[in-house]
Structures are given as C-alpha cells and as structure tokens.
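Novice: Below are the structure tokens for one structure; questions will follow.
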Amino acid sequence: MRSALLAILLCGTTAVSAQSPPTLTLTAPLAEHPEPLTQPSAILELRDGRVLVADTKDRLLYLYDFAKGTATQVSRQGGGPLEYQFPAGIYATGDSILVVDMLQQRFLVLDASGTPLRSQRLSTGGDLAMSIVKLGTVIAVDGKGRVYTESRGMTIVQGKMPTFSDTIALVRWQTIGVRGDTIATRVEHTDMPKMGGDPKAGLSIKLPMQAFVTRDSWAVFPDGRVAVARASDYHTEWYDAAGRMTVAGRVPFTPLPITEADKTLARKATKDAYEQGMKLGTSMAASSGQKMPKIAMEVEEPAAWPKVKPPFAAVRAAPDGRLWVVRAIGGATEISEYDVIAPDGKLVRRVRTPKNVTLIGFGKGVLYGVRKDEDDLRYLQRYRLPQ
C-alpha cells in the first residue's frame, strides 16, 4: 500500500543583456519512423544507427530501425532476469547499455547491439518504497558506469501521507547504495496531497497542481561533467568530473506571460501524470500481492496563477558538451524553443521546433524529436544537429 501511494507522488524575470544569438527553426526532418508510440520518454542511438526507445505509457522497450522502418520489442514485461516492469532512462556505459526499471529497482543490462544480457539490482533488497527513498530517482549513468540520482529526505508516518524535505540533492554513486557523493543541491518546496477516508471504504486525495514552478535543473554528460541551470536569475554552473565548480554569467531571456491556453495544457498534463501514477501504484500493489483501495482524486489549482512562466522548464546534455535548455514559447501553438549553452556558459544559439514536436535526445550528429499528431500518437523523428 505504501509503495503504491509513493508511486503516485513520484510520478529572474528580466533580460540582462542586449545579446541576440541566432535562432534556428527546424524544418523537415531527415527521417520519421512510421511506427507510432504512445508516450516515448527516453531514447538511445546505437552505434549502427538503430534507436532504443522506452515508451512510458505502454511500459515497453523497442528497437527502432529507421533504414528498414521496423520497430522490434525488446524482451517483455515481467519479473524474470531478462524482463522489466517499467523501462525509463536508457544509458550507454562502456560496451553495455543500462535500462532503468523503476518498479523493480534494477537495471536491465543489454549489450551494445540491444540484446538483453542480465538484470542488475539497484538496492540490496527489502521494502521497495524504502529503497526508492534511500537511493532517490535515477536520472543518469555516465560513461564510467557511475549512477546519478535525485534524492530528498522523506518522513513516513503510518496512516499519513509522506512528507518531503525541501532540499533535493544530486548524488553520484561510486557504489550503488553504499558510497555516494553530493554534487549539487536545489531547494524546491512541494505542496503535499491531502488524503482522507480509509483503505477499506476508499480514499480521497486532493492533488496540488505543480505547474509553472520556478525550479533549478541539472544534466549529466557522458564524461561525468554536470551542468546546473539556476532559475532565480537564469545562470549556469558547471562541475567537472572531480566536482570542481565554475559559475557562468546570466543568460538573457524575455519573460513569457502565462495564457489561458497554457493553463488548459497544464490541467491536462497534471491529470495525465496522476492517472499514470495510479496505474503504476496498482501495478506495484499487485506485484506484492496487495490490492489497491478505491481512490478518488481531485486536482487543486493554484490559489493564484503566476503571471509569467519560469525562465526554463528542463535541461538536456548534448554529446558535444553543450547544454540544451527547454523554453516553452506558446501553449496554443505547441512550439518549443531551446537555448543552446556552451560549456563556458554563453548562449550560442536558440533552436525552435516545428509545431507539436519536442526534443527527446541526441545521436551522432543528429537530434531526435517526437511529433504528436491529432490522434495523440507520437512519431520519432531524426533531425540534423545544428552546429
């Protein structure tokens, strides 16, 4: 029961410079794969150009071949040593590929061609919820196999919703669950859900909407460097593999107002996220022989919506060492804009995607986007990486 509920929970405003970097708008992709996806969350390009794709909604792992137009399912859902329950991040390390299986707190290990080899546990066993709390959420694995997690303190009291610390740490683990080093931290207050009722008669949960929250973000590069984008005044910090930090200057940006269309999209995204959390909770409960109680969920909107959006929404590490910062620029238009920041912290260009296309990852000289069609299906696209 506790593990199931935990799955639900887990699921500066002025320009400072006249600097005007070039803006590039992506047009036609180099290729679009014909097989649709429901909710792709992570990709990894293999050495031969094929692409591993994790689909969060269907909870499946695929191998996409652009040359042949084929999509082959990799392994299957299950608890066996070559199976998975919930494939999330996909990372290359040496000659191996690690696929994070959040529900089972382990990696599915593949060879360089995408063939499953074995499973590797993230924790030493025990209660799944406690394992997740101790290690945090895996967000990256670097080329040397070091695992990076986001960890925040959590207090669990029987019969009450968990309470979280406001401090989130980026931890690099030399040995999983045993030896970890904190690289950076951020402060992020989280409004907790309000729970009523009881498991027998049914629970009622009021879920606070987490929309347009100003929060710091970080990304890990394959060589172990880390970039942190600070949202208060939009500047970046760069950590080398030894943990030494360099602070860069502020990045110019124009505040963007929050429109009614933005609010509509935020409501839908929040509802979809919690519904996904419910499905995960049900799955976790079933795997441990428990039964989920009936849960009635209600999303609480902010008492007062912010007037403008945060300077950015997320960050991604590109293989050329640059940081791509996600900046949404229109709720109704479904167009995304990305600030491309060099390792010295300078904004070198901005990149805009076509309508309904979002960036999901990078390959050799290319970037991958996901196009959403009118039926809410997603198609994986390949674009030339802007220089």
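The chains in the structure tokens are called A, B, ... from first to last as shown; in each chain the residues are counted from 1, and the ligands are counted from 1 in the order shown.
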Taking only stretch 153-329 of chain A into account, list the residues labelled strand (DSSP E or B) by DSSP (computed from the backbone), as number ranges by chain.

Specialist: A: 153-155, 163-175, 179-187, 194-198, 202-208, 217-220, 226-230, 235-239, 245-250, 257, 295-300, 308, 314-317, 323-328

Novice: Neighbours of A:Ala71 within 7 Å (only C-alpha atoms; same-chain residues fewer than 6 positions away dropped), as a list in words?

Specialist: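 Near neighbours after the sequence-gap exclusion: Glu35, Tyr62, Leu63, Tyr64 and Asp65 of chain A.
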
Novice: Using only C-alpha atoms, which residue out of A:Arg384, A:Arg371, A:Arg352, A:Lys206 lies closest to A:Lys271?

Specialist: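 Under the stated criterion, the closest residue is A:Lys206.
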
Novice: Using only C-alpha atoms, find the one residue out of A:Arg106, A:Arg316, A:Lys68, A:Arg322 that sits nearest to A:Leu359.

Specialist: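 Of A:Arg106, A:Arg316, A:Lys68, A:Arg322, the one nearest A:Leu359 is A:Arg316, counting only C-alpha atoms.
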
Novice: May I have all residues of stretch 82-286 of chain A that DSSP, computed from the backbone, assigns to helix (DSSP H, G or I), given as a ChimeraX atom specification?

Specialist: /A:128-135,260-286

Novice: Quick check, in Å to one decimal: how far apart do atom CA of A:Asp223 and atom CA of A:Ala241 lie?

Specialist: 7.1 Å

Novice: Looking at A:Ala54, A:Ala211, A:Ala112, A:Val226, which one is nearest to A:Asp142, with distances taken over only C-alpha atoms?

Specialist: A:Val226

Novice: May I have the residues within 12 Å of A:Ala88 as a ChimeraX atom specification, using only C-alpha atoms and disregarding those fewer than 2 positions away in the same chain?

Specialist: /A:11,39-44,52-62,84-86,90-91,98-108,137-140

Novice: So which one's closest to A:Arg244, A:Ala184, A:Ile335, A:Ala231, A:Ala296? Using only C-alpha atoms, please.

Specialist: A:Ala184

Novice: Separation of atom CA of A:Ala266 and atom CA of A:Thr190, in Å?

Specialist: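 Taking atom CA of A:Ala266 as the start and atom CA of A:Thr190 as the end point, the length is 16.7 Å.
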
Novice: Determine the nearest neighbour of A:Gln73 from the options A:His33, A:Gly94, A:Ala313, A:Thr115, counting only C-alpha atoms.

Specialist: A:Thr115
